[in-house]
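Chemist: This is the structure, below, for whatever I ask next.
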Amino acid sequence: MNIALVCWINDKAGMNIKENLINSFEFNELEEKFDNNSIYQYTINNKIIKLYTINSQHIFTDDLDKKIDADIFVFITTHSAAEGRPSLTVHPIGNFGKAEKGGKEKTLCSTNSIFLKKIFIELNNNAKEPYEATMEGTHHGPYMEKPVLFVEIGSTEKEWVDKDAGKIIAKSVINGIGKYNNTNTMINNSTKKNDNYNEKKFNKKNSKIIINNNGNLKNENNNESKIDENKIESLFIIGGSHYNHVANKVMLKSEFAAGHVCAKYNLENLNEALIKEAMEKTIPESKFVLLDWKGLGKEKARILEILEKNNIEFQRSDKFFEK
């Protein structure tokens, strides 16, 4: 498997993470270059990781997967937020609405939920105060056809250049990649009937949610190794905040993996086509929708009608997790 780590040359967090990757792991500089920048390579558990630096702003660099040969793309970059919360974030990409920050309007990119889960678990285990590890809702570009995700340092310049944060991201990404075993990275583009979404019932196993002192979810005894990767199923989360607490719980405390996340502020854009696209563009394909029941607002009735009309299986978050 070939994995591309990508940073933008003008991105302070990205260059911070890049420096920590090279210093902390045995990345070798290759003779080949990309955008006239050096390419570095590291191998772990039969996975070839190449570290690229691009000259164009990452969120607007569409079709990078046509220029770089890789099975999965990971952008290491900056997260910005007005509230300035120190955070370490991961998320799929694409737009449920307008393409104001790259990508294509009302178009999502492919994502690998198990790969994302592995990296997020590592990020959560390695995060130290004041940083909070969190999943974000799906947003922004670039548009790509290969599976892709963003891993970020937030939320101000102070955090972007923090070497400790860069080291945490570097360690989490490499360890997450090392623990990922599933080689099925391709989207199944075959035509599907609506009733296919309801053909398999899930067997949920509840687990206790552990909260640490700074409010972050934590794995109990780092028990992710006990989960059979071949049995993990994907789900599509609808509703909730941009820093998505339901997605965090799914990733850390269940035998499921969150793919795309449509946060509350995007619900007015959500329609039948986008729901199906979000499920189909997740590897493995999402089997059902998990609704953030208290985070659907005025769109709740409309979304329920779409799901029921199309026989798309769904579950309420307040019933999905053990209280």
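Ordered as shown in the structure tokens, chains take letters A, B, and onward, while each chain numbers its residues from 1 and ligands are numbered from 1 in the order shown.
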As an mmCIF file with N, CA and C atoms, in the first residue's frame, please: the residues near Lys128 of chain A (cut-off 10 Å, only C-alpha atoms, same-chain neighbours under 4 positions excluded).
Modeler:
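Contents of selection.cif, freshly written:
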```cif
data_model
loop_
_atom_site.group_PDB
_atom_site.id
_atom_site.type_symbol
_atom_site.label_atom_id
_atom_site.label_comp_id
_atom_site.auth_asym_id
_atom_site.auth_seq_id
_atom_site.Cartn_x
_atom_site.Cartn_y
_atom_site.Cartn_z
ATOM 1 N N SER A 87 -6.339 22.402 19.648
ATOM 2 C CA SER A 87 -6.986 21.167 19.212
ATOM 3 C C SER A 87 -6.136 20.416 18.208
ATOM 4 N N LEU A 88 -6.362 19.112 18.162
ATOM 5 C CA LEU A 88 -5.754 18.219 17.178
ATOM 6 C C LEU A 88 -6.925 17.541 16.482
ATOM 7 N N LEU A 123 -4.271 9.615 17.941
ATOM 8 C CA LEU A 123 -4.253 11.034 18.271
ATOM 9 C C LEU A 123 -4.846 11.269 19.655
ATOM 10 N N ASN A 124 -5.945 10.600 19.942
ATOM 11 C CA ASN A 124 -6.597 10.729 21.238
ATOM 12 C C ASN A 124 -5.713 10.196 22.366
ATOM 13 N N GLU A 132 -7.056 19.173 22.708
ATOM 14 C CA GLU A 132 -8.195 18.261 22.658
ATOM 15 C C GLU A 132 -8.222 17.594 21.285
ATOM 16 N N ALA A 133 -8.255 16.278 21.261
ATOM 17 C CA ALA A 133 -8.371 15.551 19.998
ATOM 18 C C ALA A 133 -9.844 15.422 19.648
ATOM 19 N N ASP A 164 5.737 20.383 20.214
ATOM 20 C CA ASP A 164 5.115 19.246 20.884
ATOM 21 C C ASP A 164 3.872 18.782 20.129
ATOM 22 N N ALA A 165 3.064 19.739 19.663
ATOM 23 C CA ALA A 165 1.875 19.387 18.889
ATOM 24 C C ALA A 165 2.266 18.716 17.577
ATOM 25 N N ILE A 168 3.222 15.151 18.297
ATOM 26 C CA ILE A 168 2.054 14.311 18.578
ATOM 27 C C ILE A 168 1.376 13.892 17.276
ATOM 28 N N ASN A 214 -9.948 16.775 31.244
ATOM 29 C CA ASN A 214 -10.154 17.940 30.387
ATOM 30 C C ASN A 214 -11.312 17.752 29.415
#
```
Chemist: Can you check which parts of segment 9-92 of chain A lie within 7 Å of segment 135-148 of chain A? Per residue, the shortest pair of atoms and distance in Å to one decimal, counting only C-alpha atoms, sorted by chain and number, as JSON lines.
Modeler:
```
{"residue": "A:His58", "atom": "CA", "partner": "A:Pro142", "partner_atom": "CA", "distance": 6.7}
{"residue": "A:Ile59", "atom": "CA", "partner": "A:Pro142", "partner_atom": "CA", "distance": 4.5}
{"residue": "A:Phe60", "atom": "CA", "partner": "A:Pro142", "partner_atom": "CA", "distance": 5.1}
{"residue": "A:Thr61", "atom": "CA", "partner": "A:Pro142", "partner_atom": "CA", "distance": 5.4}
{"residue": "A:Asp62", "atom": "CA", "partner": "A:Pro142", "partner_atom": "CA", "distance": 4.8}
{"residue": "A:Asp63", "atom": "CA", "partner": "A:Met144", "partner_atom": "CA", "distance": 5.0}
{"residue": "A:Leu64", "atom": "CA", "partner": "A:Met144", "partner_atom": "CA", "distance": 6.7}
{"residue": "A:Asp65", "atom": "CA", "partner": "A:Met144", "partner_atom": "CA", "distance": 6.2}
{"residue": "A:Asp71", "atom": "CA", "partner": "A:Lys146", "partner_atom": "CA", "distance": 6.6}
{"residue": "A:Ile72", "atom": "CA", "partner": "A:Pro147", "partner_atom": "CA", "distance": 5.1}
{"residue": "A:Phe73", "atom": "CA", "partner": "A:Val148", "partner_atom": "CA", "distance": 4.6}
{"residue": "A:Val74", "atom": "CA", "partner": "A:Val148", "partner_atom": "CA", "distance": 5.8}
{"residue": "A:Thr89", "atom": "CA", "partner": "A:Met135", "partner_atom": "CA", "distance": 5.7}
{"residue": "A:Val90", "atom": "CA", "partner": "A:Met135", "partner_atom": "CA", "distance": 5.2}
{"residue": "A:His91", "atom": "CA", "partner": "A:Glu136", "partner_atom": "CA", "distance": 5.2}
{"residue": "A:Pro92", "atom": "CA", "partner": "A:Thr138", "partner_atom": "CA", "distance": 5.1}
```
Chemist: Write out as a PyMOL selection string the residues lying within 10 Å of Ser38 of chain A, counting only C-alpha atoms and excluding same-chain residues fewer than 3 positions away.
Modeler: chain A and resi 29-35+51-54
Chemist: Can you write just those residues out, N, CA and C atoms, as a PDB file, in the first residue's frame?
Modeler:
```
ATOM      1  N   GLU A  29      15.461  10.809   2.109  1.00  0.00           N
ATOM      2  CA  GLU A  29      15.224  11.740   1.009  1.00  0.00           C
ATOM      3  C   GLU A  29      15.461  11.020  -0.316  1.00  0.00           C
ATOM      4  N   LEU A  30      14.506  11.128  -1.228  1.00  0.00           N
ATOM      5  CA  LEU A  30      14.608  10.470  -2.523  1.00  0.00           C
ATOM      6  C   LEU A  30      15.234  11.411  -3.549  1.00  0.00           C
ATOM      7  N   GLU A  31      15.660  10.847  -4.657  1.00  0.00           N
ATOM      8  CA  GLU A  31      16.234  11.667  -5.725  1.00  0.00           C
ATOM      9  C   GLU A  31      15.148  12.433  -6.470  1.00  0.00           C
ATOM     10  N   GLU A  32      13.956  11.839  -6.553  1.00  0.00           N
ATOM     11  CA  GLU A  32      12.858  12.504  -7.253  1.00  0.00           C
ATOM     12  C   GLU A  32      12.327  13.683  -6.443  1.00  0.00           C
ATOM     13  N   LYS A  33      11.696  14.624  -7.131  1.00  0.00           N
ATOM     14  CA  LYS A  33      11.111  15.794  -6.488  1.00  0.00           C
ATOM     15  C   LYS A  33       9.675  15.990  -6.957  1.00  0.00           C
ATOM     16  N   PHE A  34       8.918  16.759  -6.189  1.00  0.00           N
ATOM     17  CA  PHE A  34       7.568  17.149  -6.586  1.00  0.00           C
ATOM     18  C   PHE A  34       7.420  18.633  -6.312  1.00  0.00           C
ATOM     19  N   ASP A  35       6.929  19.381  -7.298  1.00  0.00           N
ATOM     20  CA  ASP A  35       6.866  20.853  -7.190  1.00  0.00           C
ATOM     21  C   ASP A  35       8.245  21.431  -6.859  1.00  0.00           C
ATOM     22  N   LEU A  51       6.351  11.468   1.784  1.00  0.00           N
ATOM     23  CA  LEU A  51       6.050  12.794   2.324  1.00  0.00           C
ATOM     24  C   LEU A  51       6.313  13.850   1.252  1.00  0.00           C
ATOM     25  N   TYR A  52       5.239  14.529   0.836  1.00  0.00           N
ATOM     26  CA  TYR A  52       5.319  15.519  -0.242  1.00  0.00           C
ATOM     27  C   TYR A  52       5.091  16.930   0.308  1.00  0.00           C
ATOM     28  N   THR A  53       5.778  17.896  -0.310  1.00  0.00           N
ATOM     29  CA  THR A  53       5.536  19.312  -0.031  1.00  0.00           C
ATOM     30  C   THR A  53       5.060  19.962  -1.323  1.00  0.00           C
ATOM     31  N   ILE A  54       3.893  20.597  -1.271  1.00  0.00           N
ATOM     32  CA  ILE A  54       3.336  21.223  -2.473  1.00  0.00           C
ATOM     33  C   ILE A  54       3.416  22.746  -2.362  1.00  0.00           C
TER      34      ILE A  54
END
```
Chemist: Between atom CA of Gly84 of chain A and atom CA of Gly14 of chain A, what is the distance in Å, rounded to a tenth?
Modeler: 17.8 Å
Chemist: Using only C-alpha atoms, find each residue in segment 248-267 of chain A having at least one atom no more than 10 Å away from segment 108-121 of chain A; report its shortest atom-to-atom pair and that distance in Å (one decimal), rows by chain then rising number, as CSV.
Modeler:
```
residue,atom,partner,partner_atom,distance
A:Asn248,CA,A:Phe120,CA,8.6
A:Val250,CA,A:Lys117,CA,9.0
A:Met251,CA,A:Lys117,CA,5.7
A:Leu252,CA,A:Ile121,CA,6.4
A:Lys253,CA,A:Ile121,CA,9.9
A:Phe256,CA,A:Ile114,CA,8.5
A:Ala257,CA,A:Ser113,CA,5.4
A:Ala258,CA,A:Ser113,CA,5.7
A:Gly259,CA,A:Ser113,CA,4.7
A:His260,CA,A:Thr111,CA,7.5
```
Chemist: For the atom pair atom CA of Lys294 of chain A and atom CA of Tyr265 of chain A, what is the interatomic distance in Å to one decimal place?
Modeler: 13.5 Å
Chemist: Of the residues A:Gly166, A:Gly178, A:Gly97, A:Gly154, which is the one nearest to Thr43 of chain A, using only C-alpha atoms?
Modeler: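 Distance minimum relative to Thr43 of chain A lands on A:Gly178.
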Chemist: I need the helix (DSSP H, G or I) residues of segment 118-180 of chain A per DSSP on the backbone, written as a ChimeraX atom specification.
Modeler: /A:118-126,157-160,163-179
Chemist: Pull the strand (DSSP E) assignments for segment 69-160 of chain A out of DSSP run on the backbone, and list those residues as a PDB file with N, CA and C atoms, in the first residue's frame.
Modeler:
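Now in part.pdb:
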```
ATOM      1  N   ILE A  72      -4.003   6.184  -0.515  1.00  0.00           N
ATOM      2  CA  ILE A  72      -4.667   7.061   0.442  1.00  0.00           C
ATOM      3  C   ILE A  72      -3.830   8.325   0.605  1.00  0.00           C
ATOM      4  N   PHE A  73      -4.510   9.478   0.747  1.00  0.00           N
ATOM      5  CA  PHE A  73      -3.844  10.763   0.935  1.00  0.00           C
ATOM      6  C   PHE A  73      -4.171  11.314   2.318  1.00  0.00           C
ATOM      7  N   VAL A  74      -3.130  11.805   3.005  1.00  0.00           N
ATOM      8  CA  VAL A  74      -3.299  12.434   4.312  1.00  0.00           C
ATOM      9  C   VAL A  74      -2.671  13.820   4.255  1.00  0.00           C
ATOM     10  N   PHE A  75      -3.495  14.859   4.382  1.00  0.00           N
ATOM     11  CA  PHE A  75      -2.986  16.223   4.427  1.00  0.00           C
ATOM     12  C   PHE A  75      -2.678  16.578   5.875  1.00  0.00           C
ATOM     13  N   ILE A  76      -1.455  17.023   6.151  1.00  0.00           N
ATOM     14  CA  ILE A  76      -1.048  17.458   7.483  1.00  0.00           C
ATOM     15  C   ILE A  76      -0.988  18.980   7.453  1.00  0.00           C
ATOM     16  N   THR A  77      -1.782  19.624   8.300  1.00  0.00           N
ATOM     17  CA  THR A  77      -2.018  21.034   8.046  1.00  0.00           C
ATOM     18  C   THR A  77      -2.539  21.792   9.266  1.00  0.00           C
ATOM     19  N   THR A  78      -2.970  23.010   8.988  1.00  0.00           N
ATOM     20  CA  THR A  78      -3.445  23.973   9.979  1.00  0.00           C
ATOM     21  C   THR A  78      -4.950  23.911  10.128  1.00  0.00           C
ATOM     22  N   HIS A  79      -5.409  24.021  11.373  1.00  0.00           N
ATOM     23  CA  HIS A  79      -6.830  24.214  11.648  1.00  0.00           C
ATOM     24  C   HIS A  79      -6.996  25.596  12.278  1.00  0.00           C
ATOM     25  N   SER A  80      -7.948  26.367  11.755  1.00  0.00           N
ATOM     26  CA  SER A  80      -8.207  27.706  12.284  1.00  0.00           C
ATOM     27  C   SER A  80      -9.603  27.772  12.880  1.00  0.00           C
ATOM     28  N   SER A  87      -6.339  22.402  19.648  1.00  0.00           N
ATOM     29  CA  SER A  87      -6.986  21.167  19.212  1.00  0.00           C
ATOM     30  C   SER A  87      -6.136  20.416  18.208  1.00  0.00           C
ATOM     31  N   LEU A  88      -6.362  19.112  18.162  1.00  0.00           N
ATOM     32  CA  LEU A  88      -5.754  18.219  17.178  1.00  0.00           C
ATOM     33  C   LEU A  88      -6.925  17.541  16.482  1.00  0.00           C
ATOM     34  N   THR A  89      -7.115  17.824  15.218  1.00  0.00           N
ATOM     35  CA  THR A  89      -8.351  17.429  14.548  1.00  0.00           C
ATOM     36  C   THR A  89      -8.109  16.524  13.348  1.00  0.00           C
ATOM     37  N   VAL A  90      -9.115  15.705  13.052  1.00  0.00           N
ATOM     38  CA  VAL A  90      -9.109  14.882  11.841  1.00  0.00           C
ATOM     39  C   VAL A  90     -10.502  14.972  11.218  1.00  0.00           C
ATOM     40  N   HIS A  91     -10.569  14.885   9.905  1.00  0.00           N
ATOM     41  CA  HIS A  91     -11.879  14.904   9.255  1.00  0.00           C
ATOM     42  C   HIS A  91     -11.789  14.505   7.786  1.00  0.00           C
ATOM     43  N   GLY A  94     -14.887  17.472   1.604  1.00  0.00           N
ATOM     44  CA  GLY A  94     -15.951  17.584   0.622  1.00  0.00           C
ATOM     45  C   GLY A  94     -16.908  18.684   1.046  1.00  0.00           C
ATOM     46  N   ASN A  95     -17.865  18.972   0.203  1.00  0.00           N
ATOM     47  CA  ASN A  95     -18.811  20.061   0.462  1.00  0.00           C
ATOM     48  C   ASN A  95     -20.251  19.582   0.369  1.00  0.00           C
ATOM     49  N   THR A 107     -20.434  18.128  -3.429  1.00  0.00           N
ATOM     50  CA  THR A 107     -19.700  16.926  -3.842  1.00  0.00           C
ATOM     51  C   THR A 107     -18.735  16.525  -2.734  1.00  0.00           C
ATOM     52  N   LEU A 108     -18.735  15.252  -2.383  1.00  0.00           N
ATOM     53  CA  LEU A 108     -17.873  14.740  -1.336  1.00  0.00           C
ATOM     54  C   LEU A 108     -16.721  13.938  -1.913  1.00  0.00           C
ATOM     55  N   THR A 111     -13.515   8.623   1.547  1.00  0.00           N
ATOM     56  CA  THR A 111     -12.781   8.529   2.801  1.00  0.00           C
ATOM     57  C   THR A 111     -12.751   7.081   3.261  1.00  0.00           C
ATOM     58  N   ASN A 112     -11.728   6.725   4.001  1.00  0.00           N
ATOM     59  CA  ASN A 112     -11.590   5.378   4.545  1.00  0.00           C
ATOM     60  C   ASN A 112     -11.801   5.468   6.052  1.00  0.00           C
ATOM     61  N   GLU A 132      -7.056  19.173  22.708  1.00  0.00           N
ATOM     62  CA  GLU A 132      -8.195  18.261  22.658  1.00  0.00           C
ATOM     63  C   GLU A 132      -8.222  17.594  21.285  1.00  0.00           C
ATOM     64  N   ALA A 133      -8.255  16.278  21.261  1.00  0.00           N
ATOM     65  CA  ALA A 133      -8.371  15.551  19.998  1.00  0.00           C
ATOM     66  C   ALA A 133      -9.844  15.422  19.648  1.00  0.00           C
ATOM     67  N   THR A 134     -10.193  15.766  18.415  1.00  0.00           N
ATOM     68  CA  THR A 134     -11.606  15.711  18.033  1.00  0.00           C
ATOM     69  C   THR A 134     -11.782  15.469  16.546  1.00  0.00           C
ATOM     70  N   MET A 135     -12.872  14.797  16.219  1.00  0.00           N
ATOM     71  CA  MET A 135     -13.325  14.674  14.832  1.00  0.00           C
ATOM     72  C   MET A 135     -14.083  15.945  14.468  1.00  0.00           C
ATOM     73  N   VAL A 148      -9.157  10.287   1.131  1.00  0.00           N
ATOM     74  CA  VAL A 148      -8.354  11.393   1.647  1.00  0.00           C
ATOM     75  C   VAL A 148      -8.900  11.853   2.992  1.00  0.00           C
ATOM     76  N   LEU A 149      -8.012  12.325   3.848  1.00  0.00           N
ATOM     77  CA  LEU A 149      -8.421  12.945   5.109  1.00  0.00           C
ATOM     78  C   LEU A 149      -7.424  14.025   5.487  1.00  0.00           C
ATOM     79  N   PHE A 150      -7.845  14.899   6.402  1.00  0.00           N
ATOM     80  CA  PHE A 150      -7.005  15.974   6.921  1.00  0.00           C
ATOM     81  C   PHE A 150      -6.705  15.694   8.389  1.00  0.00           C
ATOM     82  N   VAL A 151      -5.442  15.934   8.792  1.00  0.00           N
ATOM     83  CA  VAL A 151      -5.036  15.869  10.196  1.00  0.00           C
ATOM     84  C   VAL A 151      -4.396  17.221  10.511  1.00  0.00           C
ATOM     85  N   GLU A 152      -4.888  17.892  11.565  1.00  0.00           N
ATOM     86  CA  GLU A 152      -4.571  19.306  11.733  1.00  0.00           C
ATOM     87  C   GLU A 152      -4.184  19.680  13.163  1.00  0.00           C
ATOM     88  N   ILE A 153      -3.391  20.767  13.256  1.00  0.00           N
ATOM     89  CA  ILE A 153      -3.111  21.423  14.531  1.00  0.00           C
ATOM     90  C   ILE A 153      -3.919  22.717  14.569  1.00  0.00           C
ATOM     91  N   GLY A 154      -4.657  22.932  15.652  1.00  0.00           N
ATOM     92  CA  GLY A 154      -5.423  24.162  15.780  1.00  0.00           C
ATOM     93  C   GLY A 154      -5.213  24.791  17.154  1.00  0.00           C
ATOM     94  N   SER A 155      -5.576  26.079  17.309  1.00  0.00           N
ATOM     95  CA  SER A 155      -6.340  26.794  16.298  1.00  0.00           C
ATOM     96  C   SER A 155      -5.705  28.137  15.937  1.00  0.00           C
TER      97      SER A 155
END
```
Chemist: Which is closer to Asn2 of chain A than all the others in A:Asn46, A:Ile39, A:His245, A:Asn28, using only C-alpha atoms?
Modeler: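 Of the candidates, the smallest distance to Asn2 of chain A is held by A:Asn46.
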Chemist: Between A:Ser241, A:Asn16, A:Asn55, A:Asn10, which has the minimum distance to Ala170 of chain A (counting only C-alpha atoms)?
Modeler: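 Smallest separation from Ala170 of chain A among the options: A:Asn16.
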